[in-house]
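Content type PDB, C-alpha atoms, from the file run09.pdb:
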ATOM      1  CA  MET T   1       0.000   0.000   0.000
ATOM      2  CA  LYS T   2       1.398   3.361  -1.016
ATOM      3  CA  TYR T   3       1.967   5.959   1.681
ATOM      4  CA  PHE T   4       2.076   9.449   0.193
ATOM      5  CA  TYR T   5       3.758  10.860   3.277
ATOM      6  CA  CYS T   6       1.733  14.056   3.423
ATOM      7  CA  PHE T   7      -0.655  15.376   6.014
ATOM      8  CA  PHE T   8      -3.947  17.224   5.659
ATOM      9  CA  LEU T   9      -4.752  19.783   8.345
ATOM     10  CA  SER T  10      -2.119  18.134  10.592
ATOM     11  CA  LEU T  11      -3.706  14.692  10.242
ATOM     12  CA  CYS T  12      -2.010  11.809   8.430
ATOM     13  CA  PHE T  13      -3.577  11.251   4.994
ATOM     14  CA  LEU T  14      -3.207   7.635   3.906
ATOM     15  CA  GLY T  15      -3.945   7.243   1.020
ATOM     16  CA  CYS T  16      -1.326   8.081 -19.926
ATOM     17  CA  ARG T  17       0.227   6.033 -22.008
ATOM     18  CA  GLN T  18       3.761   6.930 -22.954
ATOM     19  CA  ASN T  19       6.178   5.983 -25.718
ATOM     20  CA  LYS T  20       8.438   3.371 -24.195
ATOM     21  CA  LYS T  21      12.202   3.815 -24.061
ATOM     22  CA  TYR T  22      14.124   0.593 -24.467
ATOM     23  CA  HIS T  23      17.687   0.348 -23.229
ATOM     24  CA  LYS T  24      20.289  -2.323 -23.565
ATOM     25  CA  VAL T  25      21.025  -3.286 -19.975
ATOM     26  CA  GLU T  26      23.815  -5.809 -19.632
ATOM     27  CA  SER T  27      22.479  -7.375 -16.444
ATOM     28  CA  LYS T  28      18.901  -7.743 -17.751
ATOM     29  CA  THR T  29      17.270 -10.030 -20.256
ATOM     30  CA  LEU T  30      14.671  -8.736 -22.697
ATOM     31  CA  LYS T  31      12.007 -10.457 -20.604
ATOM     32  CA  GLU T  32      13.184  -8.634 -17.469
ATOM     33  CA  VAL T  33      13.187  -5.278 -19.252
ATOM     34  CA  SER T  34       9.667  -5.891 -20.590
ATOM     35  CA  SER T  35       8.497  -6.830 -17.098
ATOM     36  CA  SER T  36      10.011  -3.631 -15.679
ATOM     37  CA  LEU T  37       8.278  -1.491 -18.302
ATOM     38  CA  ALA T  38       4.947  -3.176 -17.608
ATOM     39  CA  ASN T  39       5.437  -2.547 -13.897
ATOM     40  CA  ILE T  40       6.104   1.157 -14.529
ATOM     41  CA  LEU T  41       2.980   1.511 -16.676
ATOM     42  CA  LYS T  42       0.953  -0.231 -13.964
ATOM     43  CA  PHE T  43       2.268   2.265 -11.406
ATOM     44  CA  GLN T  44       1.212   5.168 -13.647
ATOM     45  CA  GLU T  45      -2.244   3.684 -14.184
ATOM     46  CA  GLU T  46      -2.797   3.127 -10.458
ATOM     47  CA  LEU T  47      -1.592   6.624  -9.579
ATOM     48  CA  ASN T  48      -3.955   8.183 -12.110
ATOM     49  CA  SER T  49      -6.842   6.110 -10.709
ATOM     50  CA  GLU T  50      -6.125   7.348  -7.203
ATOM     51  CA  TYR T  51      -6.007  10.959  -8.355
ATOM     52  CA  LYS T  52      -9.316  10.615 -10.191
ATOM     53  CA  ASN T  53     -11.040   9.122  -7.139
ATOM     54  CA  PRO T  54     -12.479  11.853  -4.861
ATOM     55  CA  GLU T  55     -11.924   9.577  -1.852
ATOM     56  CA  THR T  56      -8.152   9.315  -2.392
ATOM     57  CA  SER T  57      -7.215  12.280  -4.570
ATOM     58  CA  PRO T  58      -5.129  15.207  -3.258
ATOM     59  CA  LEU T  59      -6.515  17.352  -6.081
ATOM     60  CA  PRO T  60      -8.970  20.137  -5.222
ATOM     61  CA  ASP T  61     -12.331  19.699  -6.909
ATOM     62  CA  ARG T  62     -11.564  22.418  -9.490
ATOM     63  CA  TYR T  63      -8.588  20.389 -10.785
ATOM     64  CA  ARG T  64     -10.066  16.923 -10.394
ATOM     65  CA  LYS T  65     -13.190  17.813 -12.350
ATOM     66  CA  ASN T  66     -11.356  17.755 -15.694
ATOM     67  CA  PHE T  67      -8.435  15.564 -14.630
ATOM     68  CA  GLU T  68      -7.388  13.104 -17.330
ATOM     69  CA  GLY T  69      -4.040  11.952 -15.984
ATOM     70  CA  LEU T  70      -0.710  13.076 -14.596
ATOM     71  CA  ASP T  71       2.153  13.992 -16.884
ATOM     72  CA  PHE T  72       4.902  11.362 -16.718
ATOM     73  CA  PHE T  73       8.291  11.021 -18.312
ATOM     74  CA  ALA T  74       8.322   8.071 -20.692
ATOM     75  CA  PRO T  75       9.247   4.809 -18.915
ATOM     76  CA  ASP T  76      13.019   4.449 -18.960
ATOM     77  CA  THR T  77      14.741   1.380 -17.521
ATOM     78  CA  SER T  78      18.052   3.213 -17.197
ATOM     79  CA  TYR T  79      16.472   4.897 -14.168
ATOM     80  CA  LEU T  80      15.884   1.583 -12.445
ATOM     81  CA  VAL T  81      18.973   0.935 -10.318
ATOM     82  CA  VAL T  82      20.142  -1.735  -7.918
ATOM     83  CA  ALA T  83      21.901   0.191  -5.158
ATOM     84  CA  LYS T  84      24.289  -1.002  -2.503
ATOM     85  CA  PHE T  85      22.447  -0.570   0.784
ATOM     86  CA  GLU T  86      24.322   0.264   3.975
ATOM     87  CA  ARG T  87      22.121   0.079   7.069
ATOM     88  CA  THR T  88      22.642   2.650   9.828
ATOM     89  CA  PRO T  89      21.372   0.927  13.017
ATOM     90  CA  ASN T  90      22.940   3.494  15.349
ATOM     91  CA  ALA T  91      21.399   6.553  13.706
ATOM     92  CA  ILE T  92      19.792   9.068  16.055
ATOM     93  CA  PRO T  93      16.148  10.011  15.305
ATOM     94  CA  PHE T  94      15.536  13.569  14.164
ATOM     95  CA  MET T  95      12.645  15.898  13.442
ATOM     96  CA  LEU T  96      12.160  16.545   9.732
ATOM     97  CA  ALA T  97      10.718  19.930   8.771
ATOM     98  CA  THR T  98       7.634  20.117   6.549
ATOM     99  CA  THR T  99       5.945  22.745   4.414
ATOM    100  CA  THR T 100       4.015  23.865   7.525
ATOM    101  CA  ASP T 101       4.925  24.295  11.193
ATOM    102  CA  ARG T 102       4.573  20.603  11.980
ATOM    103  CA  LYS T 103       7.491  18.147  11.912
ATOM    104  CA  THR T 104       7.784  14.398  11.451
ATOM    105  CA  GLU T 105      10.045  12.131  13.505
ATOM    106  CA  GLU T 106      12.344  10.152  11.236
ATOM    107  CA  VAL T 107      15.407   7.996  11.542
ATOM    108  CA  LEU T 108      18.082   7.383   8.917
ATOM    109  CA  TYR T 109      17.560   3.705   8.084
ATOM    110  CA  GLY T 110      20.279   3.333   5.479
ATOM    111  CA  ILE T 111      22.341   4.848   2.687
ATOM    112  CA  ALA T 112      21.917   3.773  -0.939
ATOM    113  CA  ARG T 113      24.932   4.011  -3.255
ATOM    114  CA  PHE T 114      24.518   3.558  -6.996
ATOM    115  CA  LYS T 115      25.550   4.751 -10.428
ATOM    116  CA  LEU T 116      23.177   7.007 -12.362
ATOM    117  CA  ASN T 117      23.739   9.051 -15.511
ATOM    118  CA  GLY T 118      27.376   7.968 -15.566
ATOM    119  CA  GLU T 119      28.301   9.073 -12.038
ATOM    120  CA  GLU T 120      28.372   7.500  -8.591
ATOM    121  CA  ARG T 121      25.544   8.801  -6.368
ATOM    122  CA  GLU T 122      24.188   8.264  -2.881
ATOM    123  CA  LEU T 123      20.898   8.953  -1.131
ATOM    124  CA  GLU T 124      19.715   8.678   2.447
ATOM    125  CA  ILE T 125      16.658   6.489   3.075
ATOM    126  CA  TYR T 126      14.444   7.096   6.096
ATOM    127  CA  LYS T 127      11.917   5.322   8.286
ATOM    128  CA  SER T 128       9.117   7.211   9.994
ATOM    129  CA  LEU T 129       8.909   6.539  13.715
ATOM    130  CA  GLY T 130       5.306   7.689  13.608
ATOM    131  CA  LEU T 131       4.435   4.615  11.519
ATOM    132  CA  ILE T 132       6.626   2.070  13.229
ATOM    133  CA  ASP T 133       3.747   0.454  15.127
ATOM    134  CA  GLU T 134       1.419   0.220  12.134
ATOM    135  CA  GLU T 135       1.407  -3.268  10.650
ATOM    136  CA  GLU T 136       0.838  -2.168   7.053
ATOM    137  CA  TYR T 137       3.892   0.097   7.173
ATOM    138  CA  LYS T 138       6.287  -2.135   9.085
ATOM    139  CA  ASP T 139       8.487  -2.581   5.984
ATOM    140  CA  TYR T 140       7.974   0.915   4.571
ATOM    141  CA  LEU T 141      10.931   3.181   3.786
ATOM    142  CA  PHE T 142      10.802   6.790   2.607
ATOM    143  CA  LEU T 143      13.111   8.179  -0.079
ATOM    144  CA  PRO T 144      12.759  11.912  -0.809
ATOM    145  CA  PHE T 145      15.145  13.476  -3.328
ATOM    146  CA  LEU T 146      15.978  16.616  -5.255
ATOM    147  CA  ASP T 147      17.514  16.825  -8.713
ATOM    148  CA  ASP T 148      18.233  19.285 -11.498
ATOM    149  CA  THR T 149      14.778  18.963 -13.061
ATOM    150  CA  ASN T 150      13.148  20.615 -10.010
ATOM    151  CA  GLY T 151      11.489  23.907 -10.839
ATOM    152  CA  GLU T 152      11.632  23.125 -14.545
ATOM    153  CA  GLU T 153      10.362  19.737 -15.711
ATOM    154  CA  THR T 154       9.361  18.665 -12.186
ATOM    155  CA  TYR T 155       7.969  20.086  -8.958
ATOM    156  CA  GLY T 156      10.354  22.561  -7.337
ATOM    157  CA  GLY T 157      10.234  20.944  -3.907
ATOM    158  CA  GLY T 158      11.525  17.561  -5.063
ATOM    159  CA  ARG T 159       9.855  14.172  -5.279
ATOM    160  CA  TYR T 160       9.333  11.018  -3.210
ATOM    161  CA  ILE T 161       9.794   7.280  -3.819
ATOM    162  CA  ASP T 162       8.210   4.538  -1.686
ATOM    163  CA  LEU T 163      10.468   1.595  -0.812
ATOM    164  CA  LYS T 164      10.419  -1.561   1.284
ATOM    165  CA  ILE T 165      13.069  -2.855   3.656
ATOM    166  CA  PRO T 166      15.229  -5.244   1.601
ATOM    167  CA  ASN T 167      16.392  -8.648   2.804
ATOM    168  CA  GLY T 168      20.007  -8.224   1.775
ATOM    169  CA  ASP T 169      22.571  -5.492   1.212
ATOM    170  CA  THR T 170      21.080  -4.154  -2.020
ATOM    171  CA  ILE T 171      17.896  -2.206  -2.689
ATOM    172  CA  LEU T 172      16.000  -1.626  -5.937
ATOM    173  CA  ILE T 173      15.237   2.038  -6.645
ATOM    174  CA  ASP T 174      12.957   2.807  -9.578
ATOM    175  CA  PHE T 175      13.011   6.536 -10.323
ATOM    176  CA  ASN T 176      10.158   5.942 -12.764
ATOM    177  CA  LYS T 177       8.009   5.685  -9.622
ATOM    178  CA  ALA T 178       9.012   9.102  -8.283
ATOM    179  CA  TYR T 179       5.893  11.105  -7.417
ATOM    180  CA  ASN T 180       5.112  14.610  -6.192
ATOM    181  CA  PRO T 181       4.269  15.517  -2.589
ATOM    182  CA  TYR T 182       0.571  16.265  -2.152
ATOM    183  CA  CYS T 183       1.358  19.938  -1.538
ATOM    184  CA  ALA T 184       2.389  20.185  -5.191
ATOM    185  CA  TYR T 185      -1.354  19.981  -5.902
ATOM    186  CA  ASN T 186      -2.985  21.387  -2.785
ATOM    187  CA  LYS T 187      -1.501  23.780  -0.224
ATOM    188  CA  LYS T 188      -3.764  22.377   2.501
ATOM    189  CA  TYR T 189      -1.336  19.480   2.863
ATOM    190  CA  SER T 190       1.765  19.433   5.022
ATOM    191  CA  CYS T 191       4.615  17.580   3.332
ATOM    192  CA  PRO T 192       8.137  16.706   4.552
ATOM    193  CA  LEU T 193      10.875  18.812   3.005
ATOM    194  CA  VAL T 194      13.641  16.958   1.193
ATOM    195  CA  PRO T 195      16.919  17.086   3.162
ATOM    196  CA  ARG T 196      19.605  18.904   1.194
ATOM    197  CA  GLN T 197      21.940  15.896   1.400
ATOM    198  CA  ASN T 198      19.497  14.072  -0.876
ATOM    199  CA  TYR T 199      20.184  16.377  -3.806
ATOM    200  CA  LEU T 200      21.265  14.537  -6.955
ATOM    201  CA  LYS T 201      23.386  16.828  -9.116
ATOM    202  CA  THR T 202      21.910  15.516 -12.345
ATOM    203  CA  LYS T 203      18.605  15.482 -14.197
ATOM    204  CA  VAL T 204      16.376  12.563 -13.271
ATOM    205  CA  MET T 205      14.131  12.392 -16.318
ATOM    206  CA  ALA T 206      11.791   9.785 -14.890
ATOM    207  CA  GLY T 207       8.616   9.648 -12.848
ATOM    208  CA  VAL T 208       5.925  12.305 -12.429
ATOM    209  CA  LYS T 209       6.465  15.727 -13.975
ATOM    210  CA  ALA T 210       5.329  19.099 -12.620
ATOM    211  CA  PHE T 211       1.557  19.559 -12.374
ATOM    212  CA  ASP T 212      -0.012  22.081 -14.733
ATOM    213  CA  LYS T 213      -2.702  23.902 -12.755
ATOM    214  CA  LYS T 214      -4.112  25.729 -15.759
TER     215      LYS T 214
END
What would the structure in this file look like if it were written as structure tokens?
Amino acid sequence: MKYFYCFFLSLCFLGCRQNKKYHKVESKTLKEVSSSLANILKFQEELNSEYKNPETSPLPDRYRKNFEGLDFFAPDTSYLVVAKFERTPNAIPFMLATTTDRKTEEVLYGIARFKLNGEERELEIYKSLGLIDEEEYKDYLFLPFLDDTNGEETYGGGRYIDLKIPNGDTILIDFNKAYNPYCAYNKKYSCPLVPRQNYLKTKVMAGVKAFDKK
């Protein structure tokens, strides 16, 4: 179950077809690449369904009324990476600032190291202590990030990716599943700010694009 990690009036809110880009990936078979592309398209379809549904949508009525679908980058398997995952069991919990006065209590769960767009990168991955006792989120990890598309192709405040605790020392990160915080659509939400250390100095041309409110 996806957790959009945004809050409405200080309460926790739970809750397109594209031209495909094919890439020759040494470690993947054609079948694996096709499966990954299908998985990305399924994610896009499910996200659009949630945004159309008045019970789950962050969109104000004036935007949802004529909503046909979010704008996505075309699925691109080069933005699906297997990262080395270093757990940080001794990390001290901290309060993460949001777009409002409220804060969320997080802990650094691990650091992901990977290669993207020809360079070595790393991102911090967090676990919310406010969800630690909820069964449906026991394996949930939160990855917020910034990149050089912010404020241009994508939302200026960065994007989020939902992850699960991996069994081993690697973790799969699919940037095609990067989505906008709810406050990108509706200022009534309170959304965690992306820590500056999670800035990727490159363009991540994958996932959800900026929302056109026209």
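Of the listed residues (T:Asn39, T:Ser190, T:Ser78, T:Ser49), T:Ser78 comes nearest to T:Lys115; the distances count only C-alpha atoms.
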Written as a PyMOL selection string, what is the full residue list that the PyMOL selection byres ((chain T and resi 194-203) around 12) yields on the file shown?
chain T and resi 5+73+79+94-99+106+108+111-126+142-154+156-161+175+180-181+191-193+204-207
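Atom pair atom CA of T:Lys213 / atom CA of T:Tyr185: separated by 8.0 Å.
Coordinates place atom CA of T:Ala184 at a distance of 17.3 Å from atom CA of T:Arg102.
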Given the choices T:Phe85, T:Tyr109, T:Tyr179, T:Phe211, which gets closest to T:Asn167 if the distance is worked out from all atoms listed in the file?
T:Phe85
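Of the residues listed (T:Val208, T:Leu131, T:Leu59, T:Ile171), T:Ile171 shows the shortest atom-to-atom separation from T:Ala83; distances use all atoms listed in the file.
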Residues picked by the PyMOL selection byres ((chain T and resi 139) around 6) here, as number ranges by chain?
T: 137-138, 140, 164-165
Report as JSON, numbers by chain all protein, DNA and RNA residues lying within 10 Å of T:Asp212, evaluated on all atoms listed in the file, omitting residues in the same chain fewer than 2 positions from it.
{"T": [63, 70, 71, 185, 209, 210, 214]}
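Proximity to T:Ala178 was assessed for T:Glu136, T:Asn90, T:Leu163, T:Lys84 counting all atoms listed in the file; the smallest distance is recorded for T:Leu163.
The two atoms in question, atom CA of T:Ile40 and atom CA of T:Arg87, are spaced 26.9 Å apart.
If you count only C-alpha atoms and ignore residues fewer than 5 places along the chain from T:Leu129, what sits within 10 Å of it is Pro93, Phe94, Thr104, Glu105, Glu106, Val107 and Glu134 of chain T.
Considering only C-alpha atoms, the residue among T:Cys183, T:Leu172, T:Lys177, T:Glu55 positioned nearest to T:Lys42 is T:Lys177.
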When the PyMOL selection byres ((chain T and resi 57) around 12) is applied to the file above, which residues end up in the set, as a VMD selection string?
chain T and resid 4 8 13 to 15 46 to 56 58 to 61 63 to 65 67 69 to 70 182 to 183 185 to 186 189
Would you compute an axis-aligned box for stretch 174-185 of chain T, covering every atom listed for it in the file with 4 Å of margin on each side, and report centre and edge lengths in Å to one decimal as AutoDock Vina command-line options?
--center_x 5.8 --center_y 11.5 --center_z -7.2 --size_x 22.4 --size_y 25.4 --size_z 19.2
Can you rebuild stretch 174-185 of chain T with all heavy atoms and give it as a PDB file, in the coordinates of the input?
ATOM      1  N   ASP T 174      13.498   2.525  -8.253  1.00  0.00           N
ATOM      2  CA  ASP T 174      12.957   2.807  -9.578  1.00  0.00           C
ATOM      3  C   ASP T 174      12.519   4.271  -9.619  1.00  0.00           C
ATOM      4  O   ASP T 174      11.460   4.636  -9.097  1.00  0.00           O
ATOM      5  CB  ASP T 174      11.775   1.883  -9.880  1.00  0.00           C
ATOM      6  CG  ASP T 174      11.334   1.987 -11.331  1.00  0.00           C
ATOM      7  OD1 ASP T 174      11.803   2.901 -12.038  1.00  0.00           O
ATOM      8  OD2 ASP T 174      10.512   1.143 -11.766  1.00  0.00           O
ATOM      9  N   PHE T 175      13.325   5.114 -10.245  1.00  0.00           N
ATOM     10  CA  PHE T 175      13.011   6.536 -10.323  1.00  0.00           C
ATOM     11  C   PHE T 175      11.806   6.800 -11.219  1.00  0.00           C
ATOM     12  O   PHE T 175      11.238   7.896 -11.192  1.00  0.00           O
ATOM     13  CB  PHE T 175      14.226   7.325 -10.805  1.00  0.00           C
ATOM     14  CG  PHE T 175      15.316   7.419  -9.773  1.00  0.00           C
ATOM     15  CD1 PHE T 175      16.378   6.519  -9.775  1.00  0.00           C
ATOM     16  CD2 PHE T 175      15.279   8.391  -8.777  1.00  0.00           C
ATOM     17  CE1 PHE T 175      17.382   6.596  -8.818  1.00  0.00           C
ATOM     18  CE2 PHE T 175      16.274   8.472  -7.815  1.00  0.00           C
ATOM     19  CZ  PHE T 175      17.334   7.573  -7.825  1.00  0.00           C
ATOM     20  N   ASN T 176      11.388   5.821 -11.989  1.00  0.00           N
ATOM     21  CA  ASN T 176      10.158   5.942 -12.764  1.00  0.00           C
ATOM     22  C   ASN T 176       8.941   6.029 -11.852  1.00  0.00           C
ATOM     23  O   ASN T 176       7.859   6.433 -12.289  1.00  0.00           O
ATOM     24  CB  ASN T 176       9.991   4.743 -13.704  1.00  0.00           C
ATOM     25  CG  ASN T 176      11.030   4.709 -14.799  1.00  0.00           C
ATOM     26  OD1 ASN T 176      10.921   5.424 -15.788  1.00  0.00           O
ATOM     27  ND2 ASN T 176      12.054   3.871 -14.626  1.00  0.00           N
ATOM     28  N   LYS T 177       9.112   5.654 -10.587  1.00  0.00           N
ATOM     29  CA  LYS T 177       8.009   5.685  -9.622  1.00  0.00           C
ATOM     30  C   LYS T 177       8.121   6.887  -8.678  1.00  0.00           C
ATOM     31  O   LYS T 177       7.481   6.918  -7.625  1.00  0.00           O
ATOM     32  CB  LYS T 177       7.960   4.375  -8.843  1.00  0.00           C
ATOM     33  CG  LYS T 177       7.632   3.179  -9.733  1.00  0.00           C
ATOM     34  CD  LYS T 177       7.528   1.890  -8.936  1.00  0.00           C
ATOM     35  CE  LYS T 177       7.173   0.719  -9.853  1.00  0.00           C
ATOM     36  NZ  LYS T 177       7.042  -0.558  -9.107  1.00  0.00           N
ATOM     37  N   ALA T 178       8.916   7.871  -9.071  1.00  0.00           N
ATOM     38  CA  ALA T 178       9.012   9.102  -8.283  1.00  0.00           C
ATOM     39  C   ALA T 178       7.721   9.900  -8.460  1.00  0.00           C
ATOM     40  O   ALA T 178       7.247  10.097  -9.580  1.00  0.00           O
ATOM     41  CB  ALA T 178      10.212   9.921  -8.745  1.00  0.00           C
ATOM     42  N   TYR T 179       7.145  10.359  -7.355  1.00  0.00           N
ATOM     43  CA  TYR T 179       5.893  11.105  -7.417  1.00  0.00           C
ATOM     44  C   TYR T 179       6.004  12.397  -6.619  1.00  0.00           C
ATOM     45  O   TYR T 179       6.887  12.561  -5.776  1.00  0.00           O
ATOM     46  CB  TYR T 179       4.723  10.248  -6.909  1.00  0.00           C
ATOM     47  CG  TYR T 179       4.842   9.807  -5.466  1.00  0.00           C
ATOM     48  CD1 TYR T 179       4.307  10.580  -4.431  1.00  0.00           C
ATOM     49  CD2 TYR T 179       5.485   8.612  -5.120  1.00  0.00           C
ATOM     50  CE1 TYR T 179       4.416  10.190  -3.107  1.00  0.00           C
ATOM     51  CE2 TYR T 179       5.589   8.214  -3.805  1.00  0.00           C
ATOM     52  CZ  TYR T 179       5.054   8.999  -2.798  1.00  0.00           C
ATOM     53  OH  TYR T 179       5.161   8.602  -1.489  1.00  0.00           O
ATOM     54  N   ASN T 180       5.093  13.313  -6.858  1.00  0.00           N
ATOM     55  CA  ASN T 180       5.112  14.610  -6.192  1.00  0.00           C
ATOM     56  C   ASN T 180       4.478  14.549  -4.801  1.00  0.00           C
ATOM     57  O   ASN T 180       3.509  13.807  -4.596  1.00  0.00           O
ATOM     58  CB  ASN T 180       4.332  15.644  -7.018  1.00  0.00           C
ATOM     59  CG  ASN T 180       4.977  15.947  -8.341  1.00  0.00           C
ATOM     60  OD1 ASN T 180       6.197  15.916  -8.474  1.00  0.00           O
ATOM     61  ND2 ASN T 180       4.158  16.261  -9.339  1.00  0.00           N
ATOM     62  N   PRO T 181       4.972  15.363  -3.871  1.00  0.00           N
ATOM     63  CA  PRO T 181       4.269  15.517  -2.589  1.00  0.00           C
ATOM     64  C   PRO T 181       2.869  16.068  -2.858  1.00  0.00           C
ATOM     65  O   PRO T 181       2.638  16.762  -3.853  1.00  0.00           O
ATOM     66  CB  PRO T 181       5.122  16.547  -1.838  1.00  0.00           C
ATOM     67  CG  PRO T 181       6.453  16.516  -2.503  1.00  0.00           C
ATOM     68  CD  PRO T 181       6.187  16.188  -3.940  1.00  0.00           C
ATOM     69  N   TYR T 182       1.936  15.780  -1.968  1.00  0.00           N
ATOM     70  CA  TYR T 182       0.571  16.265  -2.152  1.00  0.00           C
ATOM     71  C   TYR T 182       0.501  17.789  -2.217  1.00  0.00           C
ATOM     72  O   TYR T 182      -0.372  18.351  -2.865  1.00  0.00           O
ATOM     73  CB  TYR T 182      -0.303  15.767  -1.004  1.00  0.00           C
ATOM     74  CG  TYR T 182      -0.893  14.397  -1.203  1.00  0.00           C
ATOM     75  CD1 TYR T 182      -0.599  13.623  -2.318  1.00  0.00           C
ATOM     76  CD2 TYR T 182      -1.772  13.866  -0.258  1.00  0.00           C
ATOM     77  CE1 TYR T 182      -1.143  12.378  -2.495  1.00  0.00           C
ATOM     78  CE2 TYR T 182      -2.329  12.613  -0.418  1.00  0.00           C
ATOM     79  CZ  TYR T 182      -2.018  11.863  -1.538  1.00  0.00           C
ATOM     80  OH  TYR T 182      -2.568  10.625  -1.703  1.00  0.00           O
ATOM     81  N   CYS T 183       1.424  18.474  -1.536  1.00  0.00           N
ATOM     82  CA  CYS T 183       1.358  19.938  -1.538  1.00  0.00           C
ATOM     83  C   CYS T 183       1.719  20.530  -2.898  1.00  0.00           C
ATOM     84  O   CYS T 183       1.548  21.730  -3.112  1.00  0.00           O
ATOM     85  CB  CYS T 183       2.232  20.522  -0.432  1.00  0.00           C
ATOM     86  SG  CYS T 183       3.787  19.697  -0.185  1.00  0.00           S
ATOM     87  N   ALA T 184       2.170  19.713  -3.826  1.00  0.00           N
ATOM     88  CA  ALA T 184       2.389  20.185  -5.191  1.00  0.00           C
ATOM     89  C   ALA T 184       1.046  20.450  -5.877  1.00  0.00           C
ATOM     90  O   ALA T 184       0.978  21.185  -6.862  1.00  0.00           O
ATOM     91  CB  ALA T 184       3.173  19.148  -5.997  1.00  0.00           C
ATOM     92  N   TYR T 185      -0.019  19.861  -5.329  1.00  0.00           N
ATOM     93  CA  TYR T 185      -1.354  19.981  -5.902  1.00  0.00           C
ATOM     94  C   TYR T 185      -2.301  20.805  -5.036  1.00  0.00           C
ATOM     95  O   TYR T 185      -3.242  21.409  -5.535  1.00  0.00           O
ATOM     96  CB  TYR T 185      -1.967  18.589  -6.098  1.00  0.00           C
ATOM     97  CG  TYR T 185      -1.059  17.621  -6.793  1.00  0.00           C
ATOM     98  CD1 TYR T 185      -0.332  16.665  -6.077  1.00  0.00           C
ATOM     99  CD2 TYR T 185      -0.891  17.654  -8.180  1.00  0.00           C
ATOM    100  CE1 TYR T 185       0.518  15.774  -6.707  1.00  0.00           C
ATOM    101  CE2 TYR T 185      -0.036  16.768  -8.823  1.00  0.00           C
ATOM    102  CZ  TYR T 185       0.662  15.832  -8.075  1.00  0.00           C
ATOM    103  OH  TYR T 185       1.512  14.959  -8.698  1.00  0.00           O
TER     104      TYR T 185
END
